[in-house]
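S.K.: Structure file data-v8.cif (mmCIF, C-alpha atoms and all ligand atoms) is given on the next line.
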```cif
data_final
#
loop_
_atom_site.label_atom_id
_atom_site.label_comp_id
_atom_site.auth_asym_id
_atom_site.auth_seq_id
_atom_site.Cartn_x
_atom_site.Cartn_y
_atom_site.Cartn_z
CA MET A 1 -18.15 -64.07 -105.86
CA LYS A 2 -17.72 -67.50 -104.25
CA ALA A 3 -19.58 -68.25 -101.01
CA ASP A 4 -16.39 -68.34 -98.90
CA GLU A 5 -15.33 -64.99 -100.27
CA LEU A 6 -18.74 -63.45 -99.58
CA VAL A 7 -18.53 -64.65 -95.96
CA ALA A 8 -15.00 -63.20 -95.63
CA VAL A 9 -15.85 -59.74 -97.02
CA THR A 10 -19.03 -59.65 -94.94
CA ALA A 11 -17.00 -60.40 -91.79
CA GLN A 12 -14.62 -57.52 -92.64
CA HIS A 13 -17.53 -55.16 -93.31
CA VAL A 14 -19.27 -56.00 -90.03
CA GLU A 15 -16.02 -55.79 -88.05
CA LYS A 16 -15.50 -52.23 -89.33
CA LEU A 17 -19.10 -51.25 -88.54
CA PHE A 18 -19.12 -52.65 -85.00
CA ALA A 19 -15.60 -52.03 -83.71
CA GLY A 20 -15.70 -50.33 -80.29
CA GLU A 21 -19.51 -50.42 -79.92
CA GLY A 22 -20.38 -50.00 -76.22
CA SER A 23 -23.76 -51.65 -75.58
CA GLY A 24 -22.65 -55.29 -75.65
CA HIS A 25 -23.45 -55.55 -79.37
CA ASP A 26 -19.84 -55.00 -80.43
CA TRP A 27 -17.84 -56.90 -83.06
CA TRP A 28 -16.72 -59.47 -80.47
CA HIS A 29 -20.39 -60.35 -79.82
CA ILE A 30 -20.89 -60.85 -83.56
CA ARG A 31 -17.67 -62.85 -83.79
CA ARG A 32 -18.64 -65.16 -80.92
CA VAL A 33 -22.10 -65.71 -82.42
CA TRP A 34 -20.49 -66.43 -85.80
CA GLN A 35 -18.07 -68.98 -84.34
CA ASN A 36 -20.69 -70.70 -82.14
CA ALA A 37 -23.16 -70.76 -85.04
CA LEU A 38 -20.50 -72.40 -87.21
CA LYS A 39 -19.86 -75.02 -84.52
CA ILE A 40 -23.57 -75.78 -83.93
CA GLY A 41 -24.37 -75.54 -87.65
CA THR A 42 -21.70 -78.12 -88.47
CA LEU A 43 -23.13 -80.56 -85.89
CA GLU A 44 -26.66 -79.95 -87.21
CA LYS A 45 -25.56 -80.30 -90.86
CA ALA A 46 -27.04 -76.88 -91.68
CA ASP A 47 -26.16 -74.78 -94.76
CA LEU A 48 -23.02 -73.10 -93.46
CA THR A 49 -23.02 -70.20 -95.93
CA LEU A 50 -26.48 -69.17 -94.78
CA VAL A 51 -25.65 -69.77 -91.12
CA GLN A 52 -22.49 -67.65 -91.34
CA LEU A 53 -24.09 -64.78 -93.25
CA GLY A 54 -27.09 -64.83 -90.91
CA ALA A 55 -24.84 -64.76 -87.83
CA LEU A 56 -22.60 -61.99 -89.20
CA LEU A 57 -25.54 -59.80 -90.21
CA HIS A 58 -28.04 -60.64 -87.42
CA ASP A 59 -27.50 -57.39 -85.47
CA ILE A 60 -26.55 -55.15 -88.42
CA ALA A 61 -29.40 -52.71 -87.68
CA ASP A 62 -31.08 -54.09 -84.56
CA TRP A 63 -34.63 -52.78 -83.81
CA LYS A 64 -33.40 -51.95 -80.27
CA PHE A 65 -31.26 -49.19 -81.77
CA HIS A 66 -33.60 -48.19 -84.61
CA ALA A 67 -36.76 -46.98 -82.84
CA GLY A 68 -38.26 -50.46 -82.81
CA ASP A 69 -38.09 -50.78 -86.63
CA GLU A 70 -37.88 -54.53 -87.28
CA GLU A 71 -37.19 -54.10 -90.98
CA ALA A 72 -34.07 -51.93 -90.49
CA GLY A 73 -31.88 -55.06 -90.20
CA PRO A 74 -33.17 -56.86 -93.30
CA ARG A 75 -32.92 -53.55 -95.25
CA ALA A 76 -29.27 -52.96 -94.28
CA ALA A 77 -28.37 -56.60 -94.99
CA THR A 78 -30.07 -56.47 -98.41
CA GLU A 79 -28.22 -53.29 -99.33
CA TRP A 80 -24.87 -54.83 -98.42
CA LEU A 81 -25.49 -58.20 -100.09
CA GLN A 82 -26.88 -56.61 -103.28
CA ALA A 83 -23.74 -54.47 -103.51
CA GLN A 84 -21.76 -57.75 -103.46
CA GLN A 85 -23.99 -59.14 -106.23
CA ALA A 86 -25.27 -61.96 -104.04
CA PRO A 87 -28.18 -63.93 -105.54
CA GLU A 88 -31.65 -62.66 -104.60
CA ASP A 89 -32.82 -65.97 -103.11
CA LEU A 90 -29.79 -66.07 -100.80
CA ILE A 91 -30.47 -62.46 -99.72
CA GLU A 92 -34.10 -63.33 -98.92
CA GLN A 93 -33.03 -66.34 -96.84
CA VAL A 94 -30.49 -64.28 -94.87
CA CYS A 95 -33.18 -61.63 -94.21
CA GLN A 96 -35.55 -64.31 -92.96
CA ILE A 97 -32.90 -65.40 -90.41
CA ILE A 98 -32.44 -61.79 -89.24
CA ARG A 99 -36.22 -61.40 -88.81
CA GLU A 100 -36.56 -64.56 -86.76
CA VAL A 101 -33.56 -64.40 -84.43
CA SER A 102 -34.63 -61.86 -81.78
CA PHE A 103 -36.30 -62.43 -78.43
CA LYS A 104 -39.67 -60.63 -78.31
CA GLY A 105 -40.97 -61.15 -74.77
CA ALA A 106 -41.69 -64.08 -72.43
CA GLY A 107 -45.15 -64.74 -73.90
CA VAL A 108 -44.15 -64.51 -77.57
CA ASP A 109 -43.29 -67.67 -79.52
CA THR A 110 -40.15 -66.94 -81.55
CA THR A 111 -39.36 -70.47 -82.77
CA PRO A 112 -37.62 -70.01 -86.13
CA SER A 113 -38.96 -71.65 -89.29
CA THR A 114 -35.67 -72.98 -90.70
CA LEU A 115 -32.76 -75.02 -89.35
CA GLU A 116 -30.32 -72.21 -90.21
CA ALA A 117 -32.30 -69.60 -88.26
CA LYS A 118 -32.57 -72.03 -85.33
CA VAL A 119 -28.77 -72.40 -85.29
CA VAL A 120 -28.15 -68.62 -85.41
CA GLN A 121 -30.79 -67.98 -82.73
CA ASP A 122 -29.16 -70.56 -80.43
CA ALA A 123 -25.70 -69.02 -80.93
CA ASP A 124 -27.08 -65.51 -80.25
CA ARG A 125 -28.92 -66.69 -77.14
CA LEU A 126 -25.87 -68.49 -75.75
CA ASP A 127 -24.07 -65.14 -75.87
CA ALA A 128 -26.87 -63.59 -73.78
CA ILE A 129 -26.38 -66.01 -70.84
CA GLY A 130 -23.49 -67.08 -68.58
CA ALA A 131 -20.62 -64.80 -67.57
CA ILE A 132 -20.67 -63.04 -70.93
CA GLY A 133 -24.42 -62.63 -70.73
CA ILE A 134 -24.10 -60.99 -67.30
CA GLY A 135 -21.45 -58.60 -68.66
CA ARG A 136 -23.55 -57.77 -71.70
CA ALA A 137 -26.72 -57.18 -69.69
CA PHE A 138 -25.01 -54.60 -67.46
CA ALA A 139 -23.23 -53.02 -70.42
CA TYR A 140 -26.58 -52.60 -72.19
CA GLY A 141 -28.27 -51.33 -69.03
CA GLY A 142 -25.51 -48.73 -68.52
CA TYR A 143 -25.73 -47.71 -72.17
CA LYS A 144 -29.49 -47.14 -71.71
CA GLY A 145 -29.00 -45.33 -68.37
CA ARG A 146 -30.88 -47.98 -66.38
CA GLU A 147 -30.52 -48.74 -62.67
CA MET A 148 -28.76 -52.03 -61.88
CA TYR A 149 -31.48 -53.12 -59.51
CA SER A 150 -34.38 -51.67 -57.57
CA PRO A 151 -36.51 -53.58 -55.03
CA ASP A 152 -39.40 -51.29 -56.07
CA HIS A 153 -39.63 -52.64 -59.61
CA VAL A 154 -40.82 -56.21 -59.96
CA PRO A 155 -39.99 -58.15 -63.15
CA LEU A 156 -42.83 -58.63 -65.67
CA LEU A 157 -43.42 -61.47 -68.11
CA HIS A 158 -44.28 -59.55 -71.27
CA ALA A 159 -47.20 -60.95 -73.26
CA SER A 160 -46.44 -59.06 -76.47
CA PHE A 161 -43.50 -57.59 -78.38
CA GLU A 162 -45.03 -54.12 -77.96
CA GLU A 163 -44.96 -54.46 -74.16
CA TYR A 164 -41.45 -55.93 -74.20
CA LYS A 165 -40.15 -53.03 -76.34
CA LYS A 166 -41.50 -50.42 -73.91
CA ASN A 167 -39.74 -51.95 -70.92
CA GLN A 168 -37.47 -49.56 -69.00
CA GLY A 169 -36.88 -51.65 -65.88
CA PRO A 170 -33.62 -52.17 -64.01
CA THR A 171 -31.08 -54.59 -65.46
CA LEU A 172 -31.61 -57.27 -62.82
CA ASN A 173 -35.24 -57.61 -63.98
CA HIS A 174 -33.95 -58.58 -67.42
CA PHE A 175 -32.65 -61.84 -65.94
CA TYR A 176 -36.23 -62.84 -65.01
CA GLU A 177 -37.83 -61.33 -68.10
CA LYS A 178 -35.50 -62.96 -70.63
CA LEU A 179 -32.15 -64.46 -69.62
CA PHE A 180 -33.40 -67.21 -67.26
CA LEU A 181 -36.02 -68.24 -69.85
CA LEU A 182 -33.55 -68.88 -72.66
CA LYS A 183 -32.22 -72.28 -71.49
CA ASP A 184 -35.59 -73.93 -72.20
CA ARG A 185 -36.07 -72.17 -75.52
CA LEU A 186 -32.95 -73.30 -77.36
CA ASN A 187 -33.62 -75.21 -80.56
CA THR A 188 -30.69 -77.61 -81.05
CA PRO A 189 -29.28 -80.36 -78.79
CA ALA A 190 -25.81 -78.76 -78.96
CA GLY A 191 -27.22 -75.38 -77.95
CA GLN A 192 -29.21 -76.90 -75.09
CA GLN A 193 -26.10 -78.69 -73.83
CA LEU A 194 -23.93 -75.55 -73.94
CA ALA A 195 -26.61 -73.55 -72.10
CA GLN A 196 -26.65 -75.69 -68.92
CA GLU A 197 -23.46 -74.44 -67.29
CA ARG A 198 -24.02 -70.84 -68.35
CA HIS A 199 -27.53 -70.87 -66.91
CA ALA A 200 -26.36 -72.28 -63.54
CA TYR A 201 -23.59 -69.67 -63.33
CA MET A 202 -26.04 -66.86 -63.96
CA GLN A 203 -28.45 -68.16 -61.29
CA GLN A 204 -25.61 -68.25 -58.78
CA PHE A 205 -24.65 -64.68 -59.70
CA VAL A 206 -28.17 -63.32 -59.18
CA GLN A 207 -28.50 -65.18 -55.87
CA GLN A 208 -25.21 -63.69 -54.62
CA PHE A 209 -26.20 -60.22 -55.88
CA LEU A 210 -29.48 -60.32 -53.96
CA THR A 211 -27.82 -61.68 -50.82
CA GLU A 212 -25.28 -58.85 -50.84
CA TRP A 213 -28.06 -56.33 -51.42
CA HIS A 214 -30.64 -57.56 -48.92
CA GLY A 215 -28.47 -59.41 -46.41
CA GLU A 216 -30.56 -61.94 -44.56
CA GLU A 217 -33.72 -60.01 -45.39
CA GLN A 218 -35.80 -61.71 -48.14
CA PRO A 219 -35.89 -59.87 -51.51
CA PRO A 220 -39.42 -59.09 -52.77
CA ALA A 221 -40.85 -62.08 -54.67
P1 LIG B 1 -31.83 -60.37 -79.13
O1 LIG B 1 -31.86 -60.34 -80.60
O2 LIG B 1 -32.43 -61.62 -78.56
O3 LIG B 1 -32.40 -59.13 -78.50
P2 LIG B 1 -29.08 -59.43 -79.02
O4 LIG B 1 -27.93 -60.17 -79.56
O5 LIG B 1 -29.55 -58.22 -79.75
O6 LIG B 1 -30.29 -60.46 -78.77
O7 LIG B 1 -28.68 -59.01 -77.57
C1 LIG B 1 -29.58 -58.83 -76.57
C2 LIG B 1 -28.77 -58.50 -75.33
O8 LIG B 1 -28.91 -57.12 -75.03
C3 LIG B 1 -29.30 -59.19 -74.11
O9 LIG B 1 -28.88 -60.48 -73.97
C4 LIG B 1 -28.85 -58.30 -73.03
O10 LIG B 1 -27.51 -58.53 -72.75
C5 LIG B 1 -29.04 -56.96 -73.67
N1 LIG B 1 -30.36 -56.44 -73.33
C6 LIG B 1 -31.45 -56.30 -74.08
N2 LIG B 1 -32.46 -55.74 -73.39
C7 LIG B 1 -31.99 -55.52 -72.15
C8 LIG B 1 -32.52 -54.96 -70.94
N3 LIG B 1 -33.77 -54.52 -70.87
N4 LIG B 1 -31.70 -54.91 -69.88
C9 LIG B 1 -30.44 -55.36 -69.93
N5 LIG B 1 -29.88 -55.90 -71.03
C10 LIG B 1 -30.64 -55.98 -72.12
NI NI B 2 -26.88 -60.59 -81.17
#
```
Just give me the structure as structure tokens.
Ligand code: ADP
Ligand code: NI
M.R.:
Amino acid sequence: MKADELVAVTAQHVEKLFAGEGSGHDWWHIRRVWQNALKIGTLEKADLTLVQLGALLHDIADWKFHAGDEEAGPRAATEWLQAQQAPEDLIEQVCQIIREVSFKGAGVDTTPSTLEAKVVQDADRLDAIGAIGIGRAFAYGGYKGREMYSPDHVPLLHASFEEYKKNQGPTLNHFYEKLFLLKDRLNTPAGQQLAQERHAYMQQFVQQFLTEWHGEEQPPA
């Protein structure tokens, strides 16, 4: 199978798997990440077959939905790509992207080892911030049965992936624990540029949210 064809059948496969998903990890998330990764990958002169397959398969079996199992994604991707007779070295490279893309806590360095993984990580992180990021955070929080906000729960900067995984805090904490940190952790100049406006919008949203909640009273630090 030619590379273009493999990308096309993978997109169809993922669209079928993710249609109607309700936690903010739906097909449209994957599609936006795919398209942004293609845009950034073109500017960065990355291998676009790898970038596209990595983007399309990056959430195929996310640890967040598989009891923290980080190998569930690479396993599902390998199964699919082997069934398409993709070459083993390509499969291994796609799996490496999937392993490196995820955020693992404020104190954990998740800088990817290849240009292609850096591009996919940037595209995924752009979709976690801005207006879409706000929508996705509350969709995920609702899906997990979390409170929107509670003045009794202060945000924590997680030092390890284990701590980050255990987190059950309200959705507004997630802005401090992850979303506000992303702007300074993007890998590519194009990603960094695209993040500016989204970051500012999200800050304004949280400020307005807290003003409506607390009135003139200061929110807890
Ligand atoms: P990552 O691989 O970095 O985890 P994903 O594409 O899987 O990125 O999406 C993560 C998104 O899921 C976040 O940007 C956010 O919208 C949502 N999310 C994850 N954890 C939480 C949380 N504790 N509270 C609210 N939203 C969350
Ligand atoms: Ni994603």
S.K.: Looking at A:Tyr149, A:Trp213, A:Phe161, A:Trp34, which one is nearest to A:Asp69, with distances taken over all atoms listed in the file?
M.R.: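 For A:Asp69, the nearest of the candidates is A:Phe161.
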S.K.: Enumerate residues in contact with ligand NI 2 (chain B): an atom-to-atom distance of at most 12 Å, counting all atoms listed in the file. Format the result as a PDB file with C-alpha atoms, in the frame of the given file.
M.R.:
```
ATOM      1  CA  PHE A  18     -19.120 -52.650 -85.000  1.00  0.00           C
ATOM      2  CA  SER A  23     -23.760 -51.650 -75.580  1.00  0.00           C
ATOM      3  CA  GLY A  24     -22.650 -55.290 -75.650  1.00  0.00           C
ATOM      4  CA  HIS A  25     -23.450 -55.550 -79.370  1.00  0.00           C
ATOM      5  CA  ASP A  26     -19.840 -55.000 -80.430  1.00  0.00           C
ATOM      6  CA  TRP A  27     -17.840 -56.900 -83.060  1.00  0.00           C
ATOM      7  CA  TRP A  28     -16.720 -59.470 -80.470  1.00  0.00           C
ATOM      8  CA  HIS A  29     -20.390 -60.350 -79.820  1.00  0.00           C
ATOM      9  CA  ILE A  30     -20.890 -60.850 -83.560  1.00  0.00           C
ATOM     10  CA  ARG A  31     -17.670 -62.850 -83.790  1.00  0.00           C
ATOM     11  CA  ARG A  32     -18.640 -65.160 -80.920  1.00  0.00           C
ATOM     12  CA  VAL A  33     -22.100 -65.710 -82.420  1.00  0.00           C
ATOM     13  CA  TRP A  34     -20.490 -66.430 -85.800  1.00  0.00           C
ATOM     14  CA  ASN A  36     -20.690 -70.700 -82.140  1.00  0.00           C
ATOM     15  CA  ALA A  37     -23.160 -70.760 -85.040  1.00  0.00           C
ATOM     16  CA  GLY A  54     -27.090 -64.830 -90.910  1.00  0.00           C
ATOM     17  CA  ALA A  55     -24.840 -64.760 -87.830  1.00  0.00           C
ATOM     18  CA  LEU A  56     -22.600 -61.990 -89.200  1.00  0.00           C
ATOM     19  CA  LEU A  57     -25.540 -59.800 -90.210  1.00  0.00           C
ATOM     20  CA  HIS A  58     -28.040 -60.640 -87.420  1.00  0.00           C
ATOM     21  CA  ASP A  59     -27.500 -57.390 -85.470  1.00  0.00           C
ATOM     22  CA  ILE A  60     -26.550 -55.150 -88.420  1.00  0.00           C
ATOM     23  CA  ALA A  61     -29.400 -52.710 -87.680  1.00  0.00           C
ATOM     24  CA  ASP A  62     -31.080 -54.090 -84.560  1.00  0.00           C
ATOM     25  CA  TRP A  63     -34.630 -52.780 -83.810  1.00  0.00           C
ATOM     26  CA  LYS A  64     -33.400 -51.950 -80.270  1.00  0.00           C
ATOM     27  CA  GLY A  73     -31.880 -55.060 -90.200  1.00  0.00           C
ATOM     28  CA  ILE A  98     -32.440 -61.790 -89.240  1.00  0.00           C
ATOM     29  CA  GLU A 100     -36.560 -64.560 -86.760  1.00  0.00           C
ATOM     30  CA  VAL A 101     -33.560 -64.400 -84.430  1.00  0.00           C
ATOM     31  CA  SER A 102     -34.630 -61.860 -81.780  1.00  0.00           C
ATOM     32  CA  PHE A 103     -36.300 -62.430 -78.430  1.00  0.00           C
ATOM     33  CA  VAL A 120     -28.150 -68.620 -85.410  1.00  0.00           C
ATOM     34  CA  GLN A 121     -30.790 -67.980 -82.730  1.00  0.00           C
ATOM     35  CA  ASP A 122     -29.160 -70.560 -80.430  1.00  0.00           C
ATOM     36  CA  ALA A 123     -25.700 -69.020 -80.930  1.00  0.00           C
ATOM     37  CA  ASP A 124     -27.080 -65.510 -80.250  1.00  0.00           C
ATOM     38  CA  ARG A 125     -28.920 -66.690 -77.140  1.00  0.00           C
ATOM     39  CA  LEU A 126     -25.870 -68.490 -75.750  1.00  0.00           C
ATOM     40  CA  ASP A 127     -24.070 -65.140 -75.870  1.00  0.00           C
ATOM     41  CA  ALA A 128     -26.870 -63.590 -73.780  1.00  0.00           C
ATOM     42  CA  ILE A 129     -26.380 -66.010 -70.840  1.00  0.00           C
ATOM     43  CA  GLY A 133     -24.420 -62.630 -70.730  1.00  0.00           C
ATOM     44  CA  ARG A 136     -23.550 -57.770 -71.700  1.00  0.00           C
ATOM     45  CA  ALA A 137     -26.720 -57.180 -69.690  1.00  0.00           C
TER      46      ALA A 137
END
```
S.K.: Of the candidates A:Gly130, A:Gly22, A:Pro74, A:Gly141, which shows the shortest atom-to-atom distance to A:Asn167, using only C-alpha atoms?
M.R.: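 Between A:Gly130, A:Gly22, A:Pro74, A:Gly141, the residue approaching A:Asn167 most closely is A:Gly141.
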S.K.: Quick one: pull the distance between atom CA of A:Gln196 and atom CA of A:Val119, Å, one decimal.
M.R.: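 We find that atom CA of A:Gln196 and atom CA of A:Val119 lie 16.8 Å from each other.
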S.K.: Enter the distance from atom N2 of ligand LIG 1 (chain B) to atom CA of A:Gln93, in Å, rounded to one decimal.
M.R.: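 Straight-line distance from atom N2 of ligand LIG 1 (chain B) to atom CA of A:Gln93 works out to 25.7 Å.
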S.K.: Please, can stretch 95-127 of chain A be completed to N, CA and C atoms and returned as a short mmCIF file (atom, residue, chain, number, x, y, z; two decimals), in the frame of the given file?
M.R.:
```cif
data_model
loop_
_atom_site.label_atom_id
_atom_site.label_comp_id
_atom_site.auth_asym_id
_atom_site.auth_seq_id
_atom_site.Cartn_x
_atom_site.Cartn_y
_atom_site.Cartn_z
N CYS A 95 -32.25 -62.57 -94.85
CA CYS A 95 -33.18 -61.63 -94.21
C CYS A 95 -34.17 -62.35 -93.32
N GLN A 96 -34.60 -63.53 -93.76
CA GLN A 96 -35.55 -64.31 -92.96
C GLN A 96 -34.90 -64.71 -91.62
N ILE A 97 -33.63 -65.07 -91.65
CA ILE A 97 -32.90 -65.40 -90.41
C ILE A 97 -32.88 -64.18 -89.49
N ILE A 98 -32.53 -63.03 -90.05
CA ILE A 98 -32.44 -61.79 -89.24
C ILE A 98 -33.79 -61.48 -88.60
N ARG A 99 -34.88 -61.68 -89.35
CA ARG A 99 -36.22 -61.40 -88.81
C ARG A 99 -36.60 -62.33 -87.67
N GLU A 100 -36.07 -63.55 -87.71
CA GLU A 100 -36.56 -64.56 -86.76
C GLU A 100 -35.70 -64.74 -85.52
N VAL A 101 -34.54 -64.08 -85.46
CA VAL A 101 -33.56 -64.40 -84.43
C VAL A 101 -33.89 -63.81 -83.05
N SER A 102 -34.51 -62.65 -83.01
CA SER A 102 -34.63 -61.86 -81.78
C SER A 102 -35.66 -62.39 -80.79
N PHE A 103 -35.35 -62.17 -79.52
CA PHE A 103 -36.30 -62.43 -78.43
C PHE A 103 -37.33 -61.31 -78.42
N LYS A 104 -38.63 -61.66 -78.20
CA LYS A 104 -39.67 -60.63 -78.31
C LYS A 104 -40.60 -60.57 -77.10
N GLY A 105 -40.14 -61.16 -75.98
CA GLY A 105 -40.97 -61.15 -74.77
C GLY A 105 -41.31 -62.57 -74.34
N ALA A 106 -41.50 -62.75 -73.01
CA ALA A 106 -41.69 -64.08 -72.43
C ALA A 106 -42.86 -64.83 -73.07
N GLY A 107 -43.93 -64.09 -73.39
CA GLY A 107 -45.15 -64.74 -73.90
C GLY A 107 -45.20 -64.85 -75.41
N VAL A 108 -44.11 -64.51 -76.10
CA VAL A 108 -44.15 -64.51 -77.57
C VAL A 108 -43.34 -65.69 -78.11
N ASP A 109 -43.98 -66.52 -78.93
CA ASP A 109 -43.29 -67.67 -79.52
C ASP A 109 -42.39 -67.20 -80.66
N THR A 110 -41.08 -67.38 -80.50
CA THR A 110 -40.15 -66.94 -81.55
C THR A 110 -39.36 -68.13 -82.11
N THR A 111 -40.02 -69.30 -82.17
CA THR A 111 -39.36 -70.47 -82.77
C THR A 111 -39.13 -70.22 -84.26
N PRO A 112 -37.89 -70.28 -84.72
CA PRO A 112 -37.62 -70.01 -86.13
C PRO A 112 -38.17 -71.09 -87.06
N SER A 113 -38.35 -70.72 -88.34
CA SER A 113 -38.96 -71.65 -89.29
C SER A 113 -37.96 -72.50 -90.05
N THR A 114 -36.66 -72.19 -89.96
CA THR A 114 -35.67 -72.98 -90.70
C THR A 114 -34.55 -73.43 -89.75
N LEU A 115 -33.87 -74.50 -90.15
CA LEU A 115 -32.76 -75.02 -89.35
C LEU A 115 -31.68 -73.94 -89.18
N GLU A 116 -31.39 -73.22 -90.26
CA GLU A 116 -30.32 -72.21 -90.21
C GLU A 116 -30.66 -71.08 -89.22
N ALA A 117 -31.90 -70.65 -89.22
CA ALA A 117 -32.30 -69.60 -88.26
C ALA A 117 -32.27 -70.13 -86.83
N LYS A 118 -32.62 -71.42 -86.66
CA LYS A 118 -32.57 -72.03 -85.33
C LYS A 118 -31.13 -72.04 -84.80
N VAL A 119 -30.19 -72.34 -85.67
CA VAL A 119 -28.77 -72.40 -85.29
C VAL A 119 -28.29 -70.99 -84.89
N VAL A 120 -28.60 -69.99 -85.70
CA VAL A 120 -28.15 -68.62 -85.41
C VAL A 120 -28.82 -68.12 -84.13
N GLN A 121 -30.09 -68.42 -83.96
CA GLN A 121 -30.79 -67.98 -82.73
C GLN A 121 -30.14 -68.61 -81.50
N ASP A 122 -29.82 -69.89 -81.57
CA ASP A 122 -29.16 -70.56 -80.43
C ASP A 122 -27.81 -69.89 -80.12
N ALA A 123 -27.02 -69.63 -81.15
CA ALA A 123 -25.70 -69.02 -80.93
C ALA A 123 -25.85 -67.62 -80.32
N ASP A 124 -26.84 -66.86 -80.78
CA ASP A 124 -27.08 -65.51 -80.25
C ASP A 124 -27.53 -65.59 -78.80
N ARG A 125 -28.39 -66.56 -78.50
CA ARG A 125 -28.92 -66.69 -77.14
C ARG A 125 -27.86 -67.19 -76.17
N LEU A 126 -26.97 -68.04 -76.63
CA LEU A 126 -25.87 -68.49 -75.75
C LEU A 126 -25.03 -67.30 -75.31
N ASP A 127 -24.88 -66.32 -76.18
CA ASP A 127 -24.07 -65.14 -75.87
C ASP A 127 -24.81 -64.17 -74.95
#
```
